[in-house]
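Novice: Contents of model23.txt (compact mmCIF, C-alpha atoms) are below:
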# COMPACT_ATOMS: atom_id res chain seq x y z
CA MET R 1 0.00 0.00 0.00
CA PRO R 2 1.40 3.45 -0.83
CA LEU R 3 2.55 5.83 1.87
CA THR R 4 -0.05 8.58 2.09
CA ARG R 5 0.43 12.03 3.59
CA ARG R 6 -1.68 11.16 6.60
CA SER R 7 -0.12 7.77 7.38
CA ALA R 8 3.37 9.19 7.00
CA ILE R 9 2.58 12.04 9.38
CA GLN R 10 1.34 9.50 11.92
CA LEU R 11 4.55 7.48 11.62
CA LEU R 12 6.75 10.52 12.02
CA THR R 13 4.75 11.81 14.96
CA ALA R 14 4.97 8.45 16.67
CA ALA R 15 8.76 8.46 16.16
CA GLY R 16 8.64 11.14 18.14
CA ALA R 17 18.64 32.27 15.24
CA GLU R 18 18.39 35.59 13.54
CA LEU R 19 17.55 35.98 9.83
CA PHE R 20 20.49 35.76 7.50
CA PRO R 21 21.17 39.14 5.92
CA PRO R 22 19.43 39.24 2.55
CA HIS R 23 22.64 40.23 0.75
CA LEU R 24 24.07 36.77 1.46
CA PHE R 25 21.69 35.12 -0.94
CA ALA R 26 19.52 37.65 -2.81
CA GLY R 27 21.60 40.24 -4.54
CA ARG R 28 20.31 43.22 -6.44
CA HIS R 29 20.66 41.44 -9.75
CA LEU R 30 18.22 38.76 -8.55
CA ILE R 31 15.69 41.29 -7.30
CA ALA R 32 15.84 43.10 -10.62
CA ARG R 33 15.29 39.87 -12.53
CA LEU R 34 12.27 39.02 -10.39
CA GLN R 35 10.74 42.40 -11.12
CA ARG R 36 10.90 41.72 -14.86
CA LEU R 37 8.64 38.66 -14.63
CA ASP R 38 5.02 39.77 -14.83
CA PRO R 39 3.17 38.29 -11.83
CA ASP R 40 -0.24 38.05 -13.49
CA ARG R 41 1.21 36.30 -16.53
CA LEU R 42 3.04 33.86 -14.27
CA LEU R 43 -0.11 33.01 -12.33
CA ASP R 44 -2.14 32.71 -15.52
CA ASP R 45 0.46 30.30 -16.89
CA LEU R 46 0.30 28.33 -13.64
CA GLU R 47 -3.48 28.10 -13.72
CA ARG R 48 -3.67 27.27 -17.41
CA ALA R 49 -1.07 24.49 -17.05
CA ALA R 50 -2.79 23.00 -14.00
CA CYS R 51 -6.16 23.05 -15.75
CA LEU R 52 -4.52 21.21 -18.65
CA PHE R 53 -3.41 18.46 -16.24
CA PHE R 54 -6.91 18.10 -14.83
CA TRP R 55 -8.30 17.86 -18.36
CA GLU R 56 -5.76 15.53 -19.94
CA GLN R 57 -5.14 13.28 -16.94
CA ALA R 58 -8.80 12.65 -16.19
CA ASP R 59 -10.63 9.75 -17.80
CA ALA R 60 -13.14 11.18 -20.25
CA SER R 61 -15.66 8.42 -19.46
CA THR R 62 -15.60 8.66 -15.67
CA GLY R 63 -14.16 12.10 -14.89
CA LEU R 64 -11.80 10.54 -12.32
CA VAL R 65 -8.39 12.23 -12.12
CA LYS R 66 -5.00 10.58 -11.81
CA ASP R 67 -3.17 10.78 -8.52
CA ARG R 68 0.01 11.73 -10.40
CA ALA R 69 1.37 11.92 -13.92
CA LEU R 70 4.56 12.66 -15.80
CA ALA R 71 5.23 16.39 -15.81
CA ASP R 72 5.60 16.30 -19.60
CA GLY R 73 2.32 14.45 -20.15
CA ASP R 74 1.93 11.18 -22.10
CA ASP R 75 1.43 9.26 -18.86
CA LYS R 76 0.12 5.68 -18.99
CA ARG R 77 -0.68 5.14 -15.33
CA THR R 78 -4.31 4.65 -14.34
CA ILE R 79 -4.34 5.14 -10.56
CA GLY R 80 -6.50 8.06 -9.55
CA SER R 81 -7.39 9.67 -6.27
CA ILE R 82 -10.71 11.05 -5.15
CA ALA R 83 -8.99 14.11 -3.69
CA ALA R 84 -7.37 14.91 -7.05
CA THR R 85 -10.82 14.44 -8.60
CA GLY R 86 -12.24 17.02 -6.18
CA PHE R 87 -9.62 19.53 -7.21
CA GLY R 88 -10.26 18.58 -10.82
CA LEU R 89 -13.95 19.43 -10.57
CA ALA R 90 -13.06 22.89 -9.29
CA ALA R 91 -10.51 23.15 -12.09
CA LEU R 92 -13.30 22.72 -14.64
CA CYS R 93 -15.01 25.80 -13.18
CA ILE R 94 -11.79 27.82 -13.36
CA ALA R 95 -11.06 26.62 -16.90
CA ALA R 96 -14.53 27.68 -18.06
CA GLN R 97 -14.36 31.02 -16.24
CA ARG R 98 -10.97 31.89 -17.69
CA GLY R 99 -11.64 30.59 -21.18
CA TYR R 100 -9.09 27.78 -21.09
CA ARG R 101 -12.00 25.53 -22.10
CA SER R 102 -15.39 26.41 -23.49
CA ARG R 103 -18.10 26.47 -20.88
CA SER R 104 -20.06 23.79 -22.74
CA GLU R 105 -17.22 21.26 -22.85
CA ALA R 106 -16.23 21.94 -19.22
CA GLU R 107 -19.84 21.52 -18.11
CA ALA R 108 -20.20 18.33 -20.12
CA ARG R 109 -17.09 16.86 -18.46
CA ALA R 110 -18.39 17.93 -15.06
CA GLN R 111 -21.71 16.19 -15.65
CA VAL R 112 -19.92 13.00 -16.73
CA ALA R 113 -17.87 13.02 -13.53
CA LEU R 114 -20.79 13.84 -11.24
CA ARG R 115 -23.01 11.20 -12.79
CA PHE R 116 -20.29 8.57 -12.44
CA LEU R 117 -19.74 9.54 -8.80
CA TRP R 118 -23.48 9.31 -8.12
CA GLU R 119 -24.31 6.17 -10.07
CA SER R 120 -21.18 4.07 -10.50
CA LEU R 121 -18.25 4.77 -8.16
CA PRO R 122 -18.33 2.28 -5.26
CA ASN R 123 -19.04 3.95 -1.94
CA GLU R 124 -19.67 3.06 1.67
CA HIS R 125 -22.37 5.17 3.32
CA GLY R 126 -21.54 7.85 0.75
CA PHE R 127 -17.76 7.84 1.34
CA PHE R 128 -15.23 6.78 -1.28
CA HIS R 129 -11.99 4.83 -1.43
CA HIS R 130 -8.86 6.99 -1.38
CA PHE R 131 -7.28 5.48 -4.52
CA VAL R 132 -9.24 4.15 -7.49
CA ASP R 133 -8.70 3.08 -11.07
CA ILE R 134 -9.70 6.04 -13.23
CA ARG R 135 -11.16 3.79 -15.94
CA THR R 136 -13.42 1.66 -13.76
CA GLY R 137 -13.58 3.27 -10.33
CA GLU R 138 -12.40 0.05 -8.72
CA ARG R 139 -10.57 0.32 -5.41
CA ALA R 140 -6.76 0.44 -5.72
CA PHE R 141 -4.03 -0.59 -3.26
CA ARG R 142 -6.65 -1.92 -0.80
CA SER R 143 -6.99 1.72 0.19
CA GLU R 144 -9.29 2.95 2.93
CA VAL R 145 -12.66 4.60 2.55
CA SER R 146 -11.25 8.03 3.41
CA SER R 147 -13.18 10.70 5.27
CA ILE R 148 -10.77 13.56 4.50
CA ASP R 149 -10.32 12.67 0.84
CA THR R 150 -14.07 12.35 0.46
CA ALA R 151 -14.35 15.82 2.01
CA ILE R 152 -11.97 17.26 -0.60
CA LEU R 153 -14.00 15.54 -3.31
CA LEU R 154 -17.24 16.93 -1.89
CA CYS R 155 -15.82 20.45 -1.80
CA GLY R 156 -15.04 20.15 -5.50
CA ILE R 157 -18.47 18.66 -6.17
CA LEU R 158 -20.27 21.48 -4.36
CA THR R 159 -18.18 24.11 -6.14
CA CYS R 160 -19.07 22.52 -9.47
CA GLY R 161 -22.74 22.40 -8.61
CA GLN R 162 -22.86 26.10 -7.82
CA TYR R 163 -20.85 27.17 -10.85
CA PHE R 164 -22.68 25.14 -13.50
CA SER R 165 -26.09 24.85 -11.77
CA GLY R 166 -28.78 22.79 -13.55
CA ALA R 167 -28.08 19.05 -13.75
CA ALA R 168 -24.69 19.53 -12.11
CA ALA R 169 -26.30 21.20 -9.09
CA LYS R 170 -28.83 18.39 -8.68
CA LEU R 171 -26.16 15.68 -8.85
CA ALA R 172 -23.88 17.60 -6.49
CA ARG R 173 -26.64 17.85 -3.90
CA GLN R 174 -27.49 14.16 -4.18
CA ILE R 175 -23.88 13.10 -3.67
CA TYR R 176 -23.40 15.44 -0.70
CA GLU R 177 -26.66 14.41 0.97
CA ARG R 178 -25.76 10.71 0.65
CA ALA R 179 -22.66 10.97 2.88
CA ASP R 180 -23.58 9.57 6.29
CA TRP R 181 -21.44 11.61 8.67
CA GLN R 182 -23.10 10.07 11.71
CA TRP R 183 -21.83 6.69 10.57
CA MET R 184 -18.30 8.10 10.24
CA LEU R 185 -18.43 9.18 13.91
CA ASP R 186 -18.39 5.46 14.79
CA GLY R 187 -20.19 6.10 18.05
CA GLY R 188 -17.83 8.87 19.16
CA GLU R 189 -17.70 12.64 19.16
CA LEU R 190 -14.87 12.92 16.60
CA LEU R 191 -14.86 11.71 13.01
CA SER R 192 -12.84 8.65 12.07
CA HIS R 193 -10.05 8.82 9.52
CA GLY R 194 -11.84 6.14 7.55
CA TRP R 195 -12.98 2.56 7.17
CA LYS R 196 -11.80 -0.64 5.51
CA PRO R 197 -14.01 -3.55 4.48
CA GLU R 198 -11.44 -5.99 5.89
CA SER R 199 -11.09 -4.46 9.36
CA GLY R 200 -13.72 -1.77 9.93
CA PHE R 201 -13.03 1.74 11.17
CA LEU R 202 -9.45 2.99 11.37
CA ALA R 203 -8.02 3.55 14.83
CA HIS R 204 -7.27 7.25 14.36
CA ARG R 205 -9.75 10.09 14.66
CA TRP R 206 -9.60 13.70 13.52
CA ASP R 207 -8.81 14.97 16.99
CA SER R 208 -6.33 17.85 16.54
CA TYR R 209 -5.89 20.86 14.25
CA CYS R 210 -4.84 20.11 10.67
CA GLU R 211 -6.73 20.20 7.37
CA LEU R 212 -9.80 18.91 9.24
CA MET R 213 -11.87 22.12 9.33
CA MET R 214 -13.56 21.46 5.98
CA LEU R 215 -14.35 17.92 7.12
CA TYR R 216 -16.22 19.03 10.24
CA LEU R 217 -18.00 21.91 8.56
CA LEU R 218 -19.27 19.65 5.77
CA ALA R 219 -20.44 17.14 8.37
CA ILE R 220 -22.15 19.73 10.59
CA GLY R 221 -23.82 21.37 7.58
CA SER R 222 -25.09 18.11 6.08
CA PRO R 223 -28.79 18.36 5.13
CA ARG R 224 -29.54 14.70 5.87
CA HIS R 225 -26.87 13.24 8.16
CA PRO R 226 -25.42 16.08 10.24
CA ILE R 227 -23.24 15.60 13.28
CA PRO R 228 -23.64 17.76 16.41
CA PRO R 229 -22.01 21.21 16.34
CA GLY R 230 -20.24 20.20 19.54
CA SER R 231 -17.86 18.07 17.47
CA TRP R 232 -16.28 21.34 16.31
CA ASP R 233 -15.29 22.08 19.91
CA ALA R 234 -14.01 18.55 20.55
CA TRP R 235 -10.82 18.66 18.47
CA GLN R 236 -7.67 20.14 19.99
CA ARG R 237 -6.03 23.39 18.97
CA PRO R 238 -2.41 23.21 20.18
CA ILE R 239 -0.36 26.42 20.13
CA PHE R 240 3.03 26.41 18.41
CA HIS R 241 5.75 29.03 18.83
CA TYR R 242 8.63 29.92 16.55
CA TYR R 243 10.80 33.02 16.88
CA GLY R 244 8.01 35.25 18.10
CA TYR R 245 5.26 33.69 15.99
CA SER R 246 2.43 31.96 17.87
CA TYR R 247 -0.32 30.04 16.09
CA ILE R 248 -2.59 27.01 16.25
CA GLY R 249 -0.78 24.27 14.41
CA ALA R 250 0.43 20.70 14.14
CA ARG R 251 3.67 18.82 13.69
CA ALA R 252 2.84 18.47 10.04
CA PRO R 253 3.63 19.89 6.59
CA LEU R 254 2.43 23.29 5.45
CA PHE R 255 -0.55 21.92 3.52
CA VAL R 256 -2.52 21.52 6.76
CA HIS R 257 -2.80 25.32 6.85
CA GLN R 258 -3.97 25.49 3.22
CA TYR R 259 -6.55 22.88 2.27
CA SER R 260 -9.66 24.01 4.15
CA HIS R 261 -8.94 27.58 3.04
CA ALA R 262 -9.12 26.63 -0.63
CA TRP R 263 -12.90 26.32 -0.29
CA PHE R 264 -14.23 27.86 2.93
CA ASP R 265 -13.79 31.61 3.12
CA PHE R 266 -12.51 32.26 6.65
CA ARG R 267 -11.46 35.83 5.93
CA LYS R 268 -12.66 38.40 8.47
CA ARG R 269 -14.47 35.68 10.43
CA ARG R 270 -13.59 33.97 13.67
CA ASP R 271 -15.05 31.50 16.13
CA ARG R 272 -14.39 31.65 19.85
CA TYR R 273 -10.97 30.09 19.34
CA ALA R 274 -9.29 31.90 16.47
CA ASP R 275 -9.28 33.84 13.25
CA TYR R 276 -8.18 30.85 11.18
CA PHE R 277 -7.25 32.85 8.10
CA GLU R 278 -4.91 35.04 10.13
CA ASN R 279 -3.68 31.89 11.85
CA SER R 280 -2.60 30.50 8.47
CA VAL R 281 -0.94 33.82 7.66
CA ILE R 282 1.14 33.55 10.83
CA ALA R 283 1.90 29.86 10.25
CA THR R 284 3.12 30.65 6.73
CA ARG R 285 5.33 33.45 8.03
CA ALA R 286 6.77 31.06 10.60
CA HIS R 287 7.44 28.47 7.89
CA ARG R 288 9.16 31.05 5.70
CA ARG R 289 11.35 32.09 8.61
CA PHE R 290 12.07 28.43 9.41
CA CYS R 291 13.31 27.80 5.84
CA ILE R 292 15.46 30.93 5.82
CA ASP R 293 16.97 29.84 9.11
CA LEU R 294 18.15 26.65 7.37
CA HIS R 295 20.30 28.70 4.98
CA ALA R 296 23.61 27.75 6.63
CA GLU R 297 22.78 24.08 6.11
CA PHE R 298 21.11 24.50 2.71
CA PRO R 299 22.41 27.62 0.92
CA ASP R 300 19.61 27.49 -1.64
CA TYR R 301 17.01 28.53 0.93
CA SER R 302 16.53 32.28 0.95
CA GLU R 303 13.96 35.05 1.20
CA ALA R 304 13.12 34.37 -2.45
CA LEU R 305 13.40 30.55 -2.40
CA TRP R 306 11.67 28.58 0.33
CA GLY R 307 8.79 26.18 0.92
CA ILE R 308 8.61 22.59 2.14
CA THR R 309 5.47 20.50 2.30
CA ALA R 310 4.64 16.84 1.74
CA SER R 311 5.89 15.97 -1.74
CA ASP R 312 8.05 13.77 -3.85
CA SER R 313 11.78 13.74 -3.18
CA ALA R 314 14.83 12.08 -4.68
CA ARG R 315 14.16 9.25 -2.18
CA GLY R 316 10.46 8.94 -2.92
CA TYR R 317 7.33 10.47 -1.43
CA THR R 318 8.25 12.33 1.75
CA VAL R 319 6.34 14.07 4.51
CA TRP R 320 8.51 16.96 5.64
CA GLY R 321 8.27 20.53 6.81
CA GLY R 322 8.45 22.70 9.88
CA PRO R 323 8.61 24.28 12.33
CA PRO R 324 9.28 22.09 14.21
CA ARG R 325 11.59 20.35 11.78
CA MET R 326 10.21 17.08 10.46
CA GLY R 327 11.42 14.64 7.82
CA PRO R 328 14.76 14.32 6.00
CA ILE R 329 15.01 17.91 4.75
CA ASP R 330 17.72 18.09 2.06
CA GLY R 331 17.32 21.48 0.41
CA THR R 332 14.40 20.51 -1.80
CA VAL R 333 11.87 23.22 -2.63
CA VAL R 334 8.22 22.30 -3.16
CA PRO R 335 6.40 24.85 -5.36
CA ALA R 336 2.99 23.93 -3.88
CA ALA R 337 4.16 25.18 -0.49
CA ALA R 338 4.35 28.75 -1.77
CA ALA R 339 1.62 28.50 -4.40
CA GLY R 340 -0.83 27.00 -1.93
CA SER R 341 -0.19 29.91 0.45
CA LEU R 342 -0.56 32.76 -2.03
CA PRO R 343 -3.58 34.36 -0.32
CA PHE R 344 -1.75 34.35 3.00
CA LEU R 345 1.58 35.94 2.13
CA PRO R 346 2.56 38.14 -0.85
CA GLU R 347 6.14 36.87 -0.58
CA CYS R 348 4.92 33.52 -1.91
CA LEU R 349 4.77 35.09 -5.35
CA ASP R 350 8.50 35.93 -5.11
CA VAL R 351 9.26 32.23 -4.74
CA LEU R 352 7.27 31.27 -7.82
CA GLN R 353 8.84 34.07 -9.85
CA ASN R 354 12.30 33.04 -8.71
CA LEU R 355 11.75 29.37 -9.54
CA ARG R 356 10.42 30.10 -13.02
CA GLU R 357 12.99 32.80 -13.82
CA ARG R 358 16.13 31.11 -12.52
CA PHE R 359 15.50 27.45 -13.27
CA GLY R 360 13.27 27.52 -16.34
CA ASP R 361 12.69 24.16 -17.98
CA LYS R 362 14.24 22.30 -15.06
CA VAL R 363 11.20 23.12 -12.94
CA TRP R 364 8.54 24.18 -15.47
CA ARG R 365 7.01 21.58 -17.78
CA ARG R 366 3.73 20.90 -19.57
CA TYR R 367 1.65 21.00 -16.40
CA GLY R 368 3.51 23.85 -14.73
CA PHE R 369 5.94 23.40 -11.86
CA VAL R 370 7.25 19.89 -11.22
CA ASP R 371 6.22 18.58 -7.83
CA ALA R 372 9.62 19.20 -6.22
CA PHE R 373 13.09 20.44 -7.11
CA ASN R 374 16.45 20.48 -5.34
CA PRO R 375 18.57 23.45 -6.48
CA ILE R 376 21.67 22.04 -4.76
CA THR R 377 21.72 18.66 -6.50
CA GLU R 378 19.59 19.83 -9.47
CA TRP R 379 17.30 16.86 -8.97
CA ALA R 380 13.92 17.58 -10.54
CA ASP R 381 10.85 15.43 -10.04
CA PRO R 382 9.71 13.79 -13.29
CA ASP R 383 6.14 13.86 -11.95
CA VAL R 384 3.42 16.23 -10.90
CA ILE R 385 0.94 15.27 -8.18
CA GLY R 386 -2.74 16.08 -8.59
CA ILE R 387 -3.43 17.42 -5.12
CA ASP R 388 -0.34 19.65 -5.20
CA LEU R 389 -1.34 21.10 -8.56
CA GLY R 390 -4.86 21.40 -7.22
CA ILE R 391 -4.07 23.45 -4.14
CA SER R 392 -1.74 25.62 -6.23
CA LEU R 393 -4.46 26.24 -8.81
CA LEU R 394 -7.27 27.02 -6.38
CA MET R 395 -5.22 29.29 -4.17
CA ALA R 396 -3.81 31.14 -7.18
CA GLU R 397 -7.38 31.80 -8.34
CA ASN R 398 -8.47 32.84 -4.85
CA TYR R 399 -5.47 35.16 -4.65
CA ARG R 400 -6.37 36.75 -7.98
CA THR R 401 -10.17 36.92 -7.80
CA GLY R 402 -11.55 35.00 -4.81
CA SER R 403 -13.71 33.05 -7.27
CA VAL R 404 -13.46 29.60 -5.68
CA TRP R 405 -14.40 31.08 -2.32
CA ARG R 406 -17.32 32.89 -3.92
CA TRP R 407 -18.65 29.83 -5.77
CA PHE R 408 -18.27 27.44 -2.86
CA MET R 409 -19.72 29.78 -0.25
CA LYS R 410 -22.92 30.05 -2.29
CA ASN R 411 -23.76 26.64 -0.80
CA PRO R 412 -26.18 27.42 2.05
CA GLU R 413 -24.87 24.43 4.01
CA ALA R 414 -21.38 25.94 4.15
CA ARG R 415 -22.69 29.20 5.55
CA ALA R 416 -25.05 27.43 7.95
CA ALA R 417 -22.32 25.19 9.31
CA MET R 418 -20.05 28.16 10.04
CA GLY R 419 -22.94 29.81 11.86
CA ARG R 420 -23.70 26.72 13.90
CA VAL R 421 -20.17 26.51 15.27
CA GLY R 422 -20.05 30.17 16.17
CA PHE R 423 -18.29 32.02 13.37
CA GLU R 424 -18.91 35.75 13.48
CA PRO R 425 -17.52 38.70 11.54
Using structure tokens, write down the structure that the file contains.
Specialist:
Amino acid sequence: MPLTRRSAIQLLTAAGAELFPPHLFAGRHLIARLQRLDPDRLLDDLERAACLFFWEQADASTGLVKDRALADGDDKRTIGSIAATGFGLAALCIAAQRGYRSRSEAEARAQVALRFLWESLPNEHGFFHHFVDIRTGERAFRSEVSSIDTAILLCGILTCGQYFSGAAAKLARQIYERADWQWMLDGGELLSHGWKPESGFLAHRWDSYCELMMLYLLAIGSPRHPIPPGSWDAWQRPIFHYYGYSYIGARAPLFVHQYSHAWFDFRKRRDRYADYFENSVIATRAHRRFCIDLHAEFPDYSEALWGITASDSARGYTVWGGPPRMGPIDGTVVPAAAAGSLPFLPECLDVLQNLRERFGDKVWRRYGFVDAFNPITEWADPDVIGIDLGISLLMAENYRTGSVWRWFMKNPEARAAMGRVGFEP
């Protein structure tokens, strides 16, 4: 069975300085070069390339999207993921809105995907297997019925339903209403990570801050199978500190501060615990500082080149990040770390400009940035990963227009759920 982000984080968790002066690693010539690269053109290229991945690497008969593919295209693998499919459904909305695809062909593909998800993709109480064959929908790798990956899929489904309306909206509502969140509680107050037909519910529950906010809000807002709003209060919110930054966090990669924010608009809202958007801003600043503080060990890290989140590496798929430091950090830069944090920190754009300007075809291929790149060894990932392209695409669009937030938040259940758990302006 493949090592997933979540299982790797669990394994690592169980296992238990001043800024460098900018002139050391970002001279005036570099700053000048960055200024010559038009930011809007860069982000449009990024979005267009990501939308191309979600079009070409989805099966036209099922709408299911590959988990990963070769960065240059022409990929023969058939393993998909339901999370990548969720991002792919949102990508169809962006592609239609920006004219990368005609609205009619994007809507037709969306309806194919939604109908397959409603009528044909095997499910358990409305939840789907993490990995599936994109041609048939059959379970792959004996993977679990995943609560969090189903949540990502549902966010994409609900976005699609609001953007295209009509038949897409009807199918989106049917799929969302089918998910039995009470079943996924497994008799407890906190949602389970998932279920397997061979062994039943997984031992772990979503009990501490991470990408779980979208999961609980979808469950609390469910029209047919809601869970009690008290489940929102039941998960822990540990406080992390790094060089003056304090924020709710986890010993986990940066993506935990990104995923829920791709869909739910937490801006200028807070519950009785936190302003979660501002919390992600602070966490991203702390991560940037953490990477810069590694400069003596990895001279490639700088104010204009940073970002580590779960990704491929020269050794294989790796869960790494910080603070606190986790995983075998080796100087690799993961473009999705910065791209997925664009709405939080303007400096993220500097990283993307720097990568594209300095390293060109080493890091930029048919589907945009490769999944990971090590400037020290010049190792470049031959692959892209669907969920990393997905978070980069959605957050780039939110940074530019806020469109994904606007489409998704049209769902009355999303707004109602935030109200039920106490969000206020």
Novice: Dump as a Markdown table the rows for residues of range 64-131 of chain R within 9 Å of range 191-208 of chain R: closest atom pair and distance in Å with one decimal, all atoms listed in the file counted, ordered by chain and rising residue number.
Specialist:
| residue | atom | partner | partner_atom | distance |
| --- | --- | --- | --- | --- |
| R:Glu124 | CA | R:Trp195 | CA | 8.7 |
| R:Phe127 | CA | R:Gly194 | CA | 8.7 |
| R:His129 | CA | R:Lys196 | CA | 8.8 |
Novice: What are the closest atom pairs, with distances in Å to one decimal, for each residue of range 230-275 of chain R lying within 12 Å of range 142-149 of chain R, using all atoms listed in the file, rows by chain and rising residue number, as JSON lines?
Specialist:
{"residue": "R:Val256", "atom": "CA", "partner": "R:Ile148", "partner_atom": "CA", "distance": 11.7}
{"residue": "R:Tyr259", "atom": "CA", "partner": "R:Ile148", "partner_atom": "CA", "distance": 10.5}
{"residue": "R:Ser260", "atom": "CA", "partner": "R:Ile148", "partner_atom": "CA", "distance": 10.5}
Novice: Write out as number ranges by chain which residues come within 10 Å of Tyr273 in chain R when counting all atoms listed in the file, dropping same-chain ones fewer than 4 positions away.
Specialist: R: 233, 237, 248, 422-423
Novice: Go through R:Asp38, R:Asp75, R:Glu119, R:Asp265 and flag the residue nearest Asn411 in chain R, using all atoms listed in the file for the distances.
Specialist: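 Under the stated criterion, the closest residue is R:Asp265.
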Novice: Looking at all atoms listed in the file, which of R:Gln57, R:Ala338, R:Ala95, R:Phe128 is the one that sits closest to Gly73 in chain R?
Specialist: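 Distance minimum relative to Gly73 in chain R lands on R:Gln57.
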Novice: What does the distance from CA of Asp44 in chain R to CA of Tyr317 in chain R come to in Å, to one decimal?
Specialist: 28.0 Å
Novice: As a list in words, please: the residues near Glu211 in chain R (cut-off 12 Å, all atoms listed in the file, same-chain neighbours under 6 positions excluded).
Specialist: Arg5, Arg6, Ser147, Ile148, Asp149, Ala151, Ile152, Leu217, Trp235, Ile248, Gly249, Ala250, Ala252, Pro253, Leu254, Phe255, Val256, His257, Gln258, Tyr259, Ser260, His261, Ala262, Trp263, Phe264, Tyr276 and Ser280 of chain R
Novice: Just give me the gap between CA of Gly368 in chain R and CA of Ala140 in chain R in Å, one decimal is fine.
Specialist: 27.1 Å
